[in-house]
$ cat upload.cif   # mmCIF, C-alpha atoms
data_coords
loop_
_atom_site.label_atom_id
_atom_site.label_comp_id
_atom_site.auth_asym_id
_atom_site.auth_seq_id
_atom_site.Cartn_x
_atom_site.Cartn_y
_atom_site.Cartn_z
CA MET A 1 37.30 308.53 157.16
CA ALA A 2 39.57 305.54 156.65
CA GLY A 3 39.77 305.87 152.88
CA LEU A 4 40.77 309.51 153.03
CA CYS A 5 43.08 309.31 155.97
CA ASP A 6 45.17 306.30 154.99
CA HIS A 7 48.74 307.23 155.70
CA GLU A 8 50.85 308.23 152.69
CA PRO A 9 54.57 307.57 153.05
CA LYS A 10 56.41 310.85 153.26
CA ARG A 11 59.82 311.56 151.90
CA THR A 12 62.26 314.15 153.10
CA GLU A 13 62.57 316.91 150.54
CA SER A 14 66.15 317.44 149.36
CA ASN A 15 67.81 320.82 149.13
CA MET A 16 67.95 320.41 145.36
CA HIS A 17 64.19 320.01 145.20
CA ARG A 18 63.74 323.13 147.32
CA VAL A 19 65.98 325.13 144.98
CA ILE A 20 64.23 323.83 141.86
CA ARG A 21 60.81 324.40 143.39
CA GLY A 22 61.65 327.96 144.42
CA ALA A 23 63.10 328.71 140.99
CA ILE A 24 59.94 327.46 139.26
CA TYR A 25 57.61 329.64 141.31
CA ALA A 26 59.95 332.63 140.97
CA PHE A 27 60.04 332.06 137.21
CA SER A 28 56.24 331.96 137.04
CA GLY A 29 56.09 335.24 138.97
CA ALA A 30 58.60 336.83 136.58
CA ILE A 31 56.52 335.72 133.59
CA GLY A 32 53.45 337.33 135.16
CA VAL A 33 55.14 340.64 135.91
CA LEU A 34 56.61 340.82 132.40
CA ALA A 35 53.26 339.92 130.84
CA PHE A 36 51.60 342.86 132.58
CA ALA A 37 54.48 345.31 132.13
CA TYR A 38 55.79 344.80 128.61
CA PRO A 39 53.11 346.90 126.79
CA PHE A 40 54.41 349.97 128.58
CA PHE A 41 57.74 349.46 126.80
CA THR A 42 56.48 348.37 123.38
CA VAL A 43 53.31 350.37 122.67
CA SER A 44 54.35 353.46 120.74
CA ARG A 45 51.08 355.32 121.13
CA PRO A 46 47.95 355.06 123.32
CA GLY A 47 44.83 353.62 121.81
CA GLY A 48 46.64 350.81 120.01
CA SER A 49 44.96 347.57 119.12
CA LEU A 50 44.41 345.55 122.31
CA GLY A 51 42.94 342.62 120.40
CA LEU A 52 45.80 342.51 117.91
CA THR A 53 48.53 342.73 120.54
CA HIS A 54 47.15 340.47 123.27
CA GLY A 55 45.43 338.23 120.72
CA ARG A 56 48.88 337.11 119.64
CA ASP A 57 50.63 336.89 122.98
CA ALA A 58 47.83 335.72 125.33
CA PRO A 59 47.86 332.09 124.12
CA LEU A 60 51.64 331.95 124.54
CA ILE A 61 51.44 333.43 128.04
CA ALA A 62 48.66 331.02 129.01
CA MET A 63 50.58 328.01 127.69
CA ALA A 64 53.72 329.14 129.52
CA LEU A 65 51.84 329.54 132.81
CA VAL A 66 50.04 326.19 132.49
CA GLY A 67 53.33 324.48 131.59
CA VAL A 68 55.18 326.01 134.53
CA SER A 69 52.30 325.14 136.90
CA LEU A 70 52.28 321.51 135.75
CA ILE A 71 56.05 321.33 136.19
CA ALA A 72 55.63 322.79 139.69
CA LEU A 73 53.04 320.12 140.45
CA LEU A 74 55.42 317.36 139.32
CA VAL A 75 58.28 318.81 141.37
CA GLU A 76 56.03 318.92 144.44
CA LEU A 77 55.17 315.26 143.88
CA GLN A 78 58.78 314.24 143.32
CA GLY A 79 59.96 316.22 146.33
CA GLY A 80 57.47 314.55 148.65
CA THR A 81 55.80 317.80 149.73
CA LEU A 82 52.64 316.86 147.86
CA GLY A 83 50.96 313.45 147.86
CA ALA A 84 48.42 311.87 145.57
CA LYS A 85 45.59 312.71 147.95
CA MET A 86 46.49 316.39 147.96
CA VAL A 87 46.55 316.37 144.15
CA ALA A 88 43.09 314.80 144.23
CA LEU A 89 41.96 317.41 146.74
CA LEU A 90 43.31 320.17 144.50
CA GLY A 91 41.34 318.75 141.60
CA VAL A 92 38.14 318.55 143.63
CA LEU A 93 38.48 322.12 144.89
CA VAL A 94 39.19 323.41 141.39
CA ALA A 95 36.10 321.59 140.13
CA ILE A 96 33.92 323.04 142.92
CA ALA A 97 35.18 326.58 142.31
CA SER A 98 34.67 326.18 138.55
CA VAL A 99 31.06 325.11 139.12
CA LEU A 100 30.58 328.22 141.24
CA ARG A 101 31.72 330.32 138.30
CA PHE A 102 29.26 328.49 136.06
CA VAL A 103 26.50 329.33 138.55
CA GLU A 104 27.66 332.94 138.40
CA VAL A 105 27.19 332.92 134.62
CA VAL A 106 23.67 331.47 134.91
CA LEU A 107 22.72 333.78 137.81
CA PRO A 108 24.69 337.02 137.37
CA MET A 109 25.99 338.49 140.60
CA PRO A 110 25.99 342.21 141.44
CA GLY A 111 28.94 344.19 140.13
CA GLY A 112 32.22 342.34 140.05
CA PHE A 113 31.33 339.86 142.77
CA SER A 114 32.20 336.23 142.05
CA PRO A 115 31.98 333.32 144.50
CA ILE A 116 35.16 331.68 143.17
CA PHE A 117 37.57 333.92 145.07
CA ALA A 118 36.62 332.72 148.55
CA PRO A 119 37.59 329.06 147.82
CA ILE A 120 40.90 330.22 146.31
CA ILE A 121 41.74 332.37 149.33
CA LEU A 122 40.62 329.78 151.87
CA SER A 123 42.55 327.00 150.10
CA GLY A 124 45.74 329.03 150.15
CA TYR A 125 45.21 329.99 153.77
CA VAL A 126 44.67 326.40 154.92
CA PHE A 127 47.03 324.42 152.67
CA GLY A 128 49.77 326.96 151.98
CA GLY A 129 50.83 329.50 149.42
CA ARG A 130 51.97 327.12 146.69
CA PHE A 131 48.71 325.16 146.89
CA GLY A 132 46.85 328.48 146.74
CA PHE A 133 48.78 329.57 143.66
CA LEU A 134 48.00 326.34 141.79
CA MET A 135 44.39 326.53 142.97
CA GLY A 136 44.01 330.04 141.56
CA VAL A 137 45.70 329.27 138.25
CA PHE A 138 43.81 326.07 137.50
CA THR A 139 40.48 327.42 138.77
CA MET A 140 40.59 330.33 136.33
CA LEU A 141 41.72 328.06 133.50
CA VAL A 142 39.08 325.36 134.01
CA SER A 143 36.24 327.77 134.80
CA GLY A 144 37.14 329.87 131.76
CA LEU A 145 36.98 326.79 129.53
CA ILE A 146 33.62 325.54 130.83
CA THR A 147 31.95 328.98 130.82
CA GLY A 148 33.34 330.24 127.52
CA GLY A 149 35.37 332.89 129.31
CA VAL A 150 38.42 332.35 127.11
CA GLY A 151 40.02 335.46 125.68
CA PRO A 152 43.13 337.64 125.90
CA TRP A 153 42.25 338.37 129.53
CA LEU A 154 42.42 334.74 130.68
CA PRO A 155 46.18 334.37 131.43
CA TYR A 156 46.08 337.63 133.38
CA GLN A 157 43.16 336.35 135.44
CA MET A 158 45.10 333.13 136.06
CA PHE A 159 48.17 334.99 137.29
CA THR A 160 46.21 337.34 139.54
CA ALA A 161 44.06 334.61 141.09
CA GLY A 162 47.21 332.55 141.67
CA TRP A 163 48.85 335.46 143.45
CA ALA A 164 45.75 335.88 145.62
CA GLY A 165 45.95 332.22 146.66
CA MET A 166 49.69 332.40 147.26
CA THR A 167 49.51 335.48 149.49
CA ALA A 168 46.65 333.83 151.42
CA GLY A 169 49.14 331.10 152.31
CA TRP A 170 51.58 333.70 153.58
CA LEU A 171 48.76 335.18 155.66
CA GLY A 172 48.01 331.75 157.10
CA GLN A 173 51.62 331.42 158.17
CA ILE A 174 51.63 334.82 159.86
CA SER A 175 48.30 334.32 161.69
CA GLU A 176 48.81 330.65 162.51
CA SER A 177 48.48 331.12 166.26
CA ALA A 178 45.40 333.37 166.11
CA SER A 179 42.02 332.20 167.40
CA GLN A 180 39.28 331.17 164.99
CA ARG A 181 37.40 334.42 165.51
CA VAL A 182 40.48 336.55 164.87
CA SER A 183 41.53 334.41 161.89
CA THR A 184 38.08 334.78 160.35
CA LEU A 185 38.15 338.57 160.73
CA ILE A 186 41.65 338.74 159.27
CA LEU A 187 40.56 336.58 156.34
CA CYS A 188 37.50 338.77 155.75
CA ALA A 189 39.70 341.85 155.59
CA PHE A 190 42.14 340.00 153.33
CA GLY A 191 39.32 338.96 150.99
CA PHE A 192 38.03 342.53 150.91
CA VAL A 193 41.46 343.90 149.99
CA TRP A 194 41.97 341.29 147.28
CA GLY A 195 38.52 342.06 145.88
CA LEU A 196 39.84 345.52 145.06
CA LEU A 197 43.40 344.47 144.30
CA TYR A 198 42.25 341.91 141.74
CA GLY A 199 40.61 344.67 139.73
CA VAL A 200 43.58 347.00 140.16
CA ILE A 201 45.95 344.38 138.73
CA ILE A 202 43.69 343.03 135.98
CA ASN A 203 43.03 346.49 134.52
CA ILE A 204 46.73 346.95 133.86
CA TYR A 205 46.69 344.44 131.02
CA PHE A 206 44.51 346.69 128.83
CA TRP A 207 45.11 350.17 130.26
CA PRO A 208 48.06 351.07 127.94
CA PHE A 209 45.63 350.64 125.02
CA ALA A 210 42.78 352.66 126.56
CA VAL A 211 41.46 355.77 124.85
CA GLY A 212 40.09 358.71 126.82
CA THR A 213 41.05 361.92 128.51
CA ALA A 214 44.73 362.59 129.17
CA GLU A 215 44.15 362.47 132.93
CA GLN A 216 43.02 358.83 132.73
CA THR A 217 45.14 357.31 129.95
CA TRP A 218 48.76 356.37 129.54
CA SER A 219 51.12 358.10 127.13
CA PRO A 220 54.63 356.98 126.16
CA GLY A 221 57.32 359.01 127.84
CA ILE A 222 55.50 360.04 131.01
CA GLY A 223 57.21 359.33 134.34
CA LEU A 224 56.35 356.64 136.87
CA GLY A 225 54.68 359.09 139.25
CA GLU A 226 52.41 360.54 136.58
CA THR A 227 51.65 357.05 135.25
CA MET A 228 50.50 355.94 138.70
CA GLY A 229 48.47 359.11 139.17
CA ARG A 230 46.70 358.70 135.85
CA TYR A 231 46.03 355.04 136.53
CA ALA A 232 44.61 355.84 139.97
CA THR A 233 42.24 358.35 138.39
CA PHE A 234 41.24 355.83 135.72
CA TYR A 235 40.59 353.15 138.34
CA LEU A 236 38.57 355.39 140.64
CA VAL A 237 36.36 356.60 137.79
CA THR A 238 35.83 353.33 135.92
CA SER A 239 36.32 350.39 138.27
CA LEU A 240 36.11 351.14 141.99
CA ALA A 241 32.33 350.77 142.31
CA TRP A 242 32.38 347.52 140.29
CA ASP A 243 35.23 346.04 142.33
CA MET A 244 33.68 347.13 145.62
CA ALA A 245 30.92 344.56 145.06
CA ARG A 246 33.60 341.87 144.74
CA ALA A 247 35.41 343.09 147.85
CA VAL A 248 32.27 343.16 150.01
CA GLY A 249 31.13 339.82 148.59
CA ASN A 250 34.49 338.19 149.36
CA GLY A 251 34.37 339.39 152.95
CA ALA A 252 30.77 338.31 153.46
CA LEU A 253 31.29 334.87 151.91
CA ILE A 254 34.44 334.21 153.94
CA LEU A 255 32.62 335.31 157.10
CA LEU A 256 29.80 332.90 156.27
CA LEU A 257 32.14 330.00 155.56
CA GLY A 258 34.23 330.76 158.64
CA ALA A 259 31.29 330.69 161.04
CA PRO A 260 31.61 328.21 163.93
CA ALA A 261 30.48 324.70 163.04
CA PRO A 262 27.28 323.30 164.60
CA PRO A 263 28.11 321.15 167.65
CA ALA A 264 27.03 317.93 165.92
CA THR A 265 29.64 318.42 163.17
CA VAL A 266 32.60 319.16 165.43
CA PRO A 267 33.85 315.51 165.66
CA LEU A 268 33.69 315.11 161.87
CA ARG A 269 35.37 318.45 161.33
CA GLY A 270 38.12 317.52 163.78
CA ALA A 271 38.70 314.22 161.98
CA CYS A 272 38.99 316.05 158.65
CA ASP A 273 41.43 318.56 160.15
CA ARG A 274 43.65 315.78 161.50
CA CYS A 275 43.50 313.93 158.20
CA LEU A 276 44.46 316.87 156.04
CA THR A 277 47.08 318.43 158.28
CA ARG A 278 48.82 315.35 159.71
CA GLU A 279 48.36 312.70 157.08
CA CYS A 280 48.22 314.62 153.81
CA GLY A 281 50.06 317.65 155.11
CA SER A 282 50.07 321.22 153.86
CA PHE A 283 52.65 322.73 151.64
CA GLY A 284 53.79 326.16 150.61
CA ARG A 285 54.37 327.59 154.07
#
$ encode --input "upload.cif" --output "structure tokens"
Amino acid sequence: MAGLCDHEPKRTESNMHRVIRGAIYAFSGAIGVLAFAYPFFTVSRPGGSLGLTHGRDAPLIAMALVGVSLIALLVELQGGTLGAKMVALLGVLVAIASVLRFVEVVLPMPGGFSPIFAPIILSGYVFGGRFGFLMGVFTMLVSGLITGGVGPWLPYQMFTAGWAGMTAGWLGQISESASQRVSTLILCAFGFVWGLLYGVIINIYFWPFAVGTAEQTWSPGIGLGETMGRYATFYLVTSLAWDMARAVGNGALILLLGAPAPPATVPLRGACDRCLTRECGSFGR
């Protein structure tokens, strides 16, 4: 473990770096919210052209998110909260998760289940919310490129996966003192919820353009309460069963990965834990 655990000099992060870092992540969140919300204020009638609208703006949104994420990565490096080894670790984890998505394409999974969400959630939980956000963003980007999953939906997948990883870091901070058994159960429940929540959020990007019955589609001028009611009906009818496979799969995969290690691997696992938490550190908590 000497090569991985060599000590990296750590610098004290300045207040200016904290402010800049916080502003960058807040700005990325604002871009995401606006990207999902703006069709409700610009679409004049339901059933408009999804491809025409998002075909123009999706590349711009994706480039903005990638640019902001790369800037965030540089700020983390400059501020001393992220070292070269953690950047390398982020790259390795993104590569592993992207390969899992490729496997999913070759061997289709049931419903909306995908094995890439467990690594994103676990990475955020262990290494912090900001690491989890970058993990989610870059995993969706790289896996989309290598599997041909590039389209107007891609930036919205990147945002949503990033938010899943970020909130996993917040969960890790809250449940830091819990036992392994309790932490695993909490993570399973968290993965289940995000399996559904991912679908709930992603559907919003195309729902203003959907055509169907009035009870399931959006119309300009309706109030917030009616909008939410119609969307809930749309989601229950069209997406709940599909997303339930993702939710159950997330919980099962996290439970499997969180199982106690065999006794023979405990020393190695302990060495890895000390290396990553003391030497490389975690960030985003």
$ resolve_selection --input "upload.cif" --expression "the PyMOL selection byres ((chain A and resi 66) around 10)" --output "PyMOL selection string"
chain A and resi 28+60-65+67-72+134+137-138+141+155+158
$ residues_around --input "upload.cif" --residues "Phe36 (chain A)" --least-positions-apart "6" --cutoff "9 Å" --atoms "only C-alpha atoms" --output "JSON, numbers by chain"
{"A": [156, 201, 202, 204, 205, 206]}
$ resolve_selection --input "upload.cif" --expression "the PyMOL selection byres ((chain A and resi 190) around 9)" --output "PDB file with C-alpha atoms, keeping the file's coordinate frame"
ATOM      1  CA  ILE A 121      41.740 332.370 149.330  1.00  0.00           C
ATOM      2  CA  ALA A 168      46.650 333.830 151.420  1.00  0.00           C
ATOM      3  CA  LEU A 171      48.760 335.180 155.660  1.00  0.00           C
ATOM      4  CA  LEU A 185      38.150 338.570 160.730  1.00  0.00           C
ATOM      5  CA  ILE A 186      41.650 338.740 159.270  1.00  0.00           C
ATOM      6  CA  LEU A 187      40.560 336.580 156.340  1.00  0.00           C
ATOM      7  CA  CYS A 188      37.500 338.770 155.750  1.00  0.00           C
ATOM      8  CA  ALA A 189      39.700 341.850 155.590  1.00  0.00           C
ATOM      9  CA  GLY A 191      39.320 338.960 150.990  1.00  0.00           C
ATOM     10  CA  PHE A 192      38.030 342.530 150.910  1.00  0.00           C
ATOM     11  CA  VAL A 193      41.460 343.900 149.990  1.00  0.00           C
ATOM     12  CA  TRP A 194      41.970 341.290 147.280  1.00  0.00           C
ATOM     13  CA  GLY A 195      38.520 342.060 145.880  1.00  0.00           C
ATOM     14  CA  ASN A 250      34.490 338.190 149.360  1.00  0.00           C
ATOM     15  CA  GLY A 251      34.370 339.390 152.950  1.00  0.00           C
TER      16      GLY A 251
END
$ resolve_selection --input "upload.cif" --expression "the PyMOL selection byres ((chain A and resi 151) around 12)" --output "list in words"
Leu50, Gly51, Leu52, His54, Gly55, Arg56, Asp57, Ala58, Pro59, Ile61, Ala62, Met140, Leu141, Gly144, Leu145, Thr147, Gly148, Gly149, Val150, Pro152, Trp153, Leu154, Pro155, Tyr156, Gln157 and Met158 of chain A
$ write_last_selection --input "upload.cif" --atoms "C-alpha atoms" --output "PDB file, in the frame of the given file"
ATOM      1  CA  LEU A  50      44.410 345.550 122.310  1.00  0.00           C
ATOM      2  CA  GLY A  51      42.940 342.620 120.400  1.00  0.00           C
ATOM      3  CA  LEU A  52      45.800 342.510 117.910  1.00  0.00           C
ATOM      4  CA  HIS A  54      47.150 340.470 123.270  1.00  0.00           C
ATOM      5  CA  GLY A  55      45.430 338.230 120.720  1.00  0.00           C
ATOM      6  CA  ARG A  56      48.880 337.110 119.640  1.00  0.00           C
ATOM      7  CA  ASP A  57      50.630 336.890 122.980  1.00  0.00           C
ATOM      8  CA  ALA A  58      47.830 335.720 125.330  1.00  0.00           C
ATOM      9  CA  PRO A  59      47.860 332.090 124.120  1.00  0.00           C
ATOM     10  CA  ILE A  61      51.440 333.430 128.040  1.00  0.00           C
ATOM     11  CA  ALA A  62      48.660 331.020 129.010  1.00  0.00           C
ATOM     12  CA  MET A 140      40.590 330.330 136.330  1.00  0.00           C
ATOM     13  CA  LEU A 141      41.720 328.060 133.500  1.00  0.00           C
ATOM     14  CA  GLY A 144      37.140 329.870 131.760  1.00  0.00           C
ATOM     15  CA  LEU A 145      36.980 326.790 129.530  1.00  0.00           C
ATOM     16  CA  THR A 147      31.950 328.980 130.820  1.00  0.00           C
ATOM     17  CA  GLY A 148      33.340 330.240 127.520  1.00  0.00           C
ATOM     18  CA  GLY A 149      35.370 332.890 129.310  1.00  0.00           C
ATOM     19  CA  VAL A 150      38.420 332.350 127.110  1.00  0.00           C
ATOM     20  CA  PRO A 152      43.130 337.640 125.900  1.00  0.00           C
ATOM     21  CA  TRP A 153      42.250 338.370 129.530  1.00  0.00           C
ATOM     22  CA  LEU A 154      42.420 334.740 130.680  1.00  0.00           C
ATOM     23  CA  PRO A 155      46.180 334.370 131.430  1.00  0.00           C
ATOM     24  CA  TYR A 156      46.080 337.630 133.380  1.00  0.00           C
ATOM     25  CA  GLN A 157      43.160 336.350 135.440  1.00  0.00           C
ATOM     26  CA  MET A 158      45.100 333.130 136.060  1.00  0.00           C
TER      27      MET A 158
END
$ residues_near_point --input "upload.cif" --point "(50.4, 330.3, 148.1)" --cutoff "8 Å" --atoms "all atoms listed in the file" --output "VMD selection string"
chain A and resid 124 to 125 128 to 134 162 to 170 284 to 285
$ closest_residue --input "upload.cif" --among "A:Leu196, A:Ile120, A:Thr160, A:Phe41" --to "Met244 (chain A)" --atoms "all atoms listed in the file"
A:Leu196
$ atom_distance --input "upload.cif" --atom1 "CA of Ala210 (chain A)" --atom2 "CA of Leu240 (chain A)"
16.9 Å
$ atom_distance --input "upload.cif" --atom1 "CA of Val182 (chain A)" --atom2 "CA of Asp243 (chain A)"
25.0 Å
$ closest_residue --input "upload.cif" --among "A:Leu257, A:Val75, A:Ala35, A:Ala26" --to "Ser14 (chain A)" --atoms "only C-alpha atoms"
A:Val75
$ closest_residue --input "upload.cif" --among "A:Ser114, A:Thr227, A:Gln173, A:Thr213" --to "Arg246 (chain A)" --atoms "all atoms listed in the file"
A:Ser114
